[in-house]
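In what follows, a structure is listed as structure tokens, so that the remarks can point back to it.
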Amino acid sequence: MTDQAMDRDPDMDADIPGKPTSASRTTLSHIMTHNDTNLLGTVHGGVIMKLVDDAAGAVAGRHSGGPAVTASMDEMAFLEPVRVGDLVHVKAQVNWTGRTSMEVGVRVLAERWNESAPATQVGSAYLVFAAVDADGKPRRVPPVIPETDRDRRRCQEAQIRRTHRLARRRAIRELRERRAAEGFED
Ligand SMILES: CC(C)(COP(=O)(O)OP(=O)(O)OC[C@H]1O[C@@H](n2cnc3c(N)ncnc32)[C@H](O)[C@@H]1OP(=O)(O)O)[C@@H](O)C(=O)NCCC(=O)NCCS
């Protein structure tokens, strides 16, 4: 065997069967209490972000069949305030999969405690999770199989975000390297 072949990850060429989006889609529901408020008396954004991370983490763990860690969270949008007593539903699904990472899309809905109206969308976010092994090293994930037109659109949009994330990281790294080469210290 050549050195190159010996170095190759044996997992690399193994085909992992895909999993449909619905296999890991999850909703986490939670009633907001006085412990969750900010100084204005509405629910603290960090409380919602924790629920978003929890729901997305559950989806990533289900999809990848093991532990997965948050690599990034972006485009977290708060559209409407959430209030004490509201029943919040955090809906999450895998939008896209790479080799070892997954983008999870999350929508946050609130059922107002004092209104008999349908739940309102109050937030949304996109998170990237990396599946990890027992040593915390990235491991392969099954490809996600979008099932509906909406799933397919979300997958296409996730690919656009992935391209932008990589391009932004690369551009910032290059800028920093250039500045370091020019002798800037920061
Ligand atoms: C996320 C982590 C496992 C990545 O490890 P790494 O050694 O950089 O590994 P890689 O560069 O191979 O990245 C693994 C995958 O994650 C993706 N990734 C890594 N950092 C990312 C980021 N900031 N944004 C988006 N994707 C990212 C990579 O693109 C790669 O995906 P792919 O295999 O589908 O192409 C590692 O940085 C880590 O453990 N971070 C801490 C996570 C954590 O503790 N989260 C909870 C917050 S307290």
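Identifiers in the structure tokens: chain A, B, ... in order shown; residue index from 1 per chain; ligand index from 1 in order shown.
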Next item on the list: List all protein, DNA and RNA residues that have any atom at most 10 Å from ligand 1, counting only C-alpha atoms and all ligand atoms, and write the list as a PyMOL selection string.
Entry: chain A and resi 53+57+68-74+96-103+127-133+135-141+161-162+165-166+169
Let's have the selection written as an mmCIF file, in the first residue's frame, with C-alpha atoms.
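And here's again-v6.cif as it stands now:
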```cif
data_model
loop_
_atom_site.group_PDB
_atom_site.id
_atom_site.type_symbol
_atom_site.label_atom_id
_atom_site.label_comp_id
_atom_site.auth_asym_id
_atom_site.auth_seq_id
_atom_site.Cartn_x
_atom_site.Cartn_y
_atom_site.Cartn_z
ATOM 1 C CA ASP A 53 -29.477 26.127 19.928
ATOM 2 C CA GLY A 57 -28.694 20.522 18.508
ATOM 3 C CA ALA A 68 -22.823 17.246 17.227
ATOM 4 C CA VAL A 69 -21.486 20.650 18.323
ATOM 5 C CA THR A 70 -22.506 24.160 17.287
ATOM 6 C CA ALA A 71 -19.892 25.545 14.882
ATOM 7 C CA SER A 72 -21.715 28.785 14.089
ATOM 8 C CA MET A 73 -25.016 30.576 14.405
ATOM 9 C CA ASP A 74 -25.913 33.272 11.910
ATOM 10 C CA TRP A 96 -28.204 21.026 4.021
ATOM 11 C CA THR A 97 -25.378 18.612 4.744
ATOM 12 C CA GLY A 98 -21.698 18.768 3.886
ATOM 13 C CA ARG A 99 -19.088 16.146 4.673
ATOM 14 C CA THR A 100 -19.089 16.545 8.459
ATOM 15 C CA SER A 101 -21.322 19.570 8.957
ATOM 16 C CA MET A 102 -25.036 20.338 8.685
ATOM 17 C CA GLU A 103 -26.944 23.580 8.372
ATOM 18 C CA LEU A 127 -26.870 27.227 12.615
ATOM 19 C CA VAL A 128 -24.026 25.036 11.443
ATOM 20 C CA PHE A 129 -23.343 21.931 13.502
ATOM 21 C CA ALA A 130 -20.353 19.644 13.127
ATOM 22 C CA ALA A 131 -20.829 15.975 13.986
ATOM 23 C CA VAL A 132 -18.003 14.804 16.242
ATOM 24 C CA ASP A 133 -16.598 11.496 17.442
ATOM 25 C CA ASP A 135 -12.405 12.615 20.652
ATOM 26 C CA GLY A 136 -14.274 15.713 19.439
ATOM 27 C CA LYS A 137 -13.003 15.242 15.882
ATOM 28 C CA PRO A 138 -15.392 15.877 12.966
ATOM 29 C CA ARG A 139 -17.029 12.717 11.578
ATOM 30 C CA ARG A 140 -19.063 12.147 8.436
ATOM 31 C CA VAL A 141 -22.788 12.828 8.341
ATOM 32 C CA ARG A 161 -25.148 30.737 2.667
ATOM 33 C CA ARG A 162 -22.418 28.072 2.806
ATOM 34 C CA ARG A 165 -19.587 31.804 4.817
ATOM 35 C CA LEU A 166 -16.558 30.160 3.217
ATOM 36 C CA ARG A 169 -13.814 33.440 6.180
#
```
Which region 6-118 of chain A residues have any atom within 12 Å of an atom of region 142-152 of chain A, and for each, what is the nearest pair of atoms with distance in Å to one decimal, counting only C-alpha atoms, rows sorted by chain and number, as JSON lines?
```
{"residue": "A:Ala14", "atom": "CA", "partner": "A:Pro142", "partner_atom": "CA", "distance": 10.8}
{"residue": "A:Asp15", "atom": "CA", "partner": "A:Pro142", "partner_atom": "CA", "distance": 8.6}
{"residue": "A:Ile16", "atom": "CA", "partner": "A:Pro142", "partner_atom": "CA", "distance": 5.4}
{"residue": "A:Pro17", "atom": "CA", "partner": "A:Pro142", "partner_atom": "CA", "distance": 6.0}
{"residue": "A:Gly18", "atom": "CA", "partner": "A:Pro143", "partner_atom": "CA", "distance": 4.6}
{"residue": "A:Lys19", "atom": "CA", "partner": "A:Val144", "partner_atom": "CA", "distance": 5.2}
{"residue": "A:Pro20", "atom": "CA", "partner": "A:Ile145", "partner_atom": "CA", "distance": 4.4}
{"residue": "A:Thr21", "atom": "CA", "partner": "A:Pro146", "partner_atom": "CA", "distance": 5.5}
{"residue": "A:Ser22", "atom": "CA", "partner": "A:Glu147", "partner_atom": "CA", "distance": 7.8}
{"residue": "A:Ala23", "atom": "CA", "partner": "A:Val144", "partner_atom": "CA", "distance": 9.5}
{"residue": "A:Ser24", "atom": "CA", "partner": "A:Val144", "partner_atom": "CA", "distance": 9.8}
{"residue": "A:Arg25", "atom": "CA", "partner": "A:Asp151", "partner_atom": "CA", "distance": 11.2}
{"residue": "A:Val59", "atom": "CA", "partner": "A:Val144", "partner_atom": "CA", "distance": 11.8}
{"residue": "A:Ala60", "atom": "CA", "partner": "A:Pro142", "partner_atom": "CA", "distance": 10.8}
{"residue": "A:Gly61", "atom": "CA", "partner": "A:Pro142", "partner_atom": "CA", "distance": 11.5}
{"residue": "A:Arg62", "atom": "CA", "partner": "A:Pro142", "partner_atom": "CA", "distance": 10.8}
{"residue": "A:His63", "atom": "CA", "partner": "A:Pro142", "partner_atom": "CA", "distance": 7.4}
{"residue": "A:Ser64", "atom": "CA", "partner": "A:Pro142", "partner_atom": "CA", "distance": 6.4}
{"residue": "A:Gly65", "atom": "CA", "partner": "A:Pro142", "partner_atom": "CA", "distance": 8.8}
{"residue": "A:Gly66", "atom": "CA", "partner": "A:Pro142", "partner_atom": "CA", "distance": 11.4}
{"residue": "A:Ala92", "atom": "CA", "partner": "A:Asp151", "partner_atom": "CA", "distance": 12.0}
{"residue": "A:Gln93", "atom": "CA", "partner": "A:Asp151", "partner_atom": "CA", "distance": 9.2}
{"residue": "A:Val94", "atom": "CA", "partner": "A:Val144", "partner_atom": "CA", "distance": 7.1}
{"residue": "A:Asn95", "atom": "CA", "partner": "A:Asp151", "partner_atom": "CA", "distance": 6.8}
{"residue": "A:Trp96", "atom": "CA", "partner": "A:Val144", "partner_atom": "CA", "distance": 6.4}
{"residue": "A:Thr97", "atom": "CA", "partner": "A:Pro143", "partner_atom": "CA", "distance": 5.6}
{"residue": "A:Gly98", "atom": "CA", "partner": "A:Pro143", "partner_atom": "CA", "distance": 7.4}
{"residue": "A:Arg99", "atom": "CA", "partner": "A:Pro143", "partner_atom": "CA", "distance": 8.1}
{"residue": "A:Thr100", "atom": "CA", "partner": "A:Pro142", "partner_atom": "CA", "distance": 8.7}
{"residue": "A:Ser101", "atom": "CA", "partner": "A:Pro142", "partner_atom": "CA", "distance": 9.8}
{"residue": "A:Met102", "atom": "CA", "partner": "A:Val144", "partner_atom": "CA", "distance": 8.8}
{"residue": "A:Glu103", "atom": "CA", "partner": "A:Val144", "partner_atom": "CA", "distance": 10.2}
{"residue": "A:Val104", "atom": "CA", "partner": "A:Val144", "partner_atom": "CA", "distance": 11.0}
{"residue": "A:Gly105", "atom": "CA", "partner": "A:Asp151", "partner_atom": "CA", "distance": 10.5}
```
Using the selection just defined, write its residues with C-alpha atoms as a compact mmCIF listing (two decimals), in the first residue's frame.
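again_34.txt written:
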```txt
# COMPACT_ATOMS: atom_id res chain seq x y z
CA ALA A 14 -17.73 4.56 2.53
CA ASP A 15 -21.16 5.50 1.31
CA ILE A 16 -23.42 6.64 4.12
CA PRO A 17 -27.11 6.19 3.30
CA GLY A 18 -29.07 9.45 3.17
CA LYS A 19 -31.78 10.41 5.66
CA PRO A 20 -34.96 12.30 4.80
CA THR A 21 -35.52 15.73 6.32
CA SER A 22 -38.56 14.51 8.25
CA ALA A 23 -36.52 11.90 10.14
CA SER A 24 -34.91 14.55 12.33
CA ARG A 25 -37.32 17.51 12.15
CA VAL A 59 -31.98 17.86 15.16
CA ALA A 60 -28.25 17.66 14.39
CA GLY A 61 -27.80 14.80 16.87
CA ARG A 62 -30.76 12.90 15.43
CA HIS A 63 -29.67 13.41 11.83
CA SER A 64 -26.02 12.51 12.41
CA GLY A 65 -26.79 9.66 14.82
CA GLY A 66 -24.50 10.92 17.58
CA ALA A 92 -35.88 23.03 13.45
CA GLN A 93 -34.79 20.90 10.49
CA VAL A 94 -31.63 20.02 8.59
CA ASN A 95 -31.51 22.19 5.47
CA TRP A 96 -28.20 21.03 4.02
CA THR A 97 -25.38 18.61 4.74
CA GLY A 98 -21.70 18.77 3.89
CA ARG A 99 -19.09 16.15 4.67
CA THR A 100 -19.09 16.54 8.46
CA SER A 101 -21.32 19.57 8.96
CA MET A 102 -25.04 20.34 8.68
CA GLU A 103 -26.94 23.58 8.37
CA VAL A 104 -30.01 23.58 10.62
CA GLY A 105 -32.76 26.12 9.92
```
If we count only C-alpha atoms, what is near Ala110 (chain A) at a cut-off of 9 Å, once residues fewer than 4 positions away on the same chain are taken out, given as a PDB file with N, CA and C atoms, in the first residue's frame?
```
ATOM      1  N   VAL A  82     -41.371  38.651  22.483  1.00  0.00           N
ATOM      2  CA  VAL A  82     -42.059  37.516  23.124  1.00  0.00           C
ATOM      3  C   VAL A  82     -42.334  37.945  24.566  1.00  0.00           C
ATOM      4  N   ARG A  83     -43.495  37.543  25.092  1.00  0.00           N
ATOM      5  CA  ARG A  83     -43.888  38.014  26.430  1.00  0.00           C
ATOM      6  C   ARG A  83     -44.075  36.851  27.399  1.00  0.00           C
ATOM      7  N   ASP A  86     -46.379  33.548  27.000  1.00  0.00           N
ATOM      8  CA  ASP A  86     -46.471  33.046  25.619  1.00  0.00           C
ATOM      9  C   ASP A  86     -45.931  31.612  25.554  1.00  0.00           C
ATOM     10  N   LEU A  87     -46.586  30.809  24.712  1.00  0.00           N
ATOM     11  CA  LEU A  87     -46.084  29.443  24.453  1.00  0.00           C
ATOM     12  C   LEU A  87     -45.247  29.515  23.180  1.00  0.00           C
ATOM     13  N   VAL A  88     -43.946  29.294  23.341  1.00  0.00           N
ATOM     14  CA  VAL A  88     -43.015  29.421  22.215  1.00  0.00           C
ATOM     15  C   VAL A  88     -42.738  28.045  21.618  1.00  0.00           C
ATOM     16  N   HIS A  89     -42.823  27.969  20.288  1.00  0.00           N
ATOM     17  CA  HIS A  89     -42.506  26.721  19.581  1.00  0.00           C
ATOM     18  C   HIS A  89     -41.260  26.977  18.733  1.00  0.00           C
ATOM     19  N   VAL A  90     -40.244  26.162  18.890  1.00  0.00           N
ATOM     20  CA  VAL A  90     -39.010  26.315  18.124  1.00  0.00           C
ATOM     21  C   VAL A  90     -38.935  25.125  17.174  1.00  0.00           C
ATOM     22  N   PRO A 118     -53.694  32.378  15.631  1.00  0.00           N
ATOM     23  CA  PRO A 118     -52.650  31.400  15.299  1.00  0.00           C
ATOM     24  C   PRO A 118     -51.279  31.898  15.765  1.00  0.00           C
ATOM     25  N   ALA A 119     -50.350  30.978  15.941  1.00  0.00           N
ATOM     26  CA  ALA A 119     -49.009  31.354  16.392  1.00  0.00           C
ATOM     27  C   ALA A 119     -48.361  32.321  15.390  1.00  0.00           C
ATOM     28  N   THR A 120     -47.638  33.325  15.934  1.00  0.00           N
ATOM     29  CA  THR A 120     -46.955  34.313  15.086  1.00  0.00           C
ATOM     30  C   THR A 120     -45.485  33.934  14.998  1.00  0.00           C
ATOM     31  N   GLN A 121     -44.885  34.132  13.822  1.00  0.00           N
ATOM     32  CA  GLN A 121     -43.435  33.905  13.736  1.00  0.00           C
ATOM     33  C   GLN A 121     -42.721  35.075  14.399  1.00  0.00           C
ATOM     34  N   VAL A 122     -41.863  34.769  15.378  1.00  0.00           N
ATOM     35  CA  VAL A 122     -41.164  35.831  16.113  1.00  0.00           C
ATOM     36  C   VAL A 122     -39.651  35.813  15.881  1.00  0.00           C
TER      37      VAL A 122
END
```
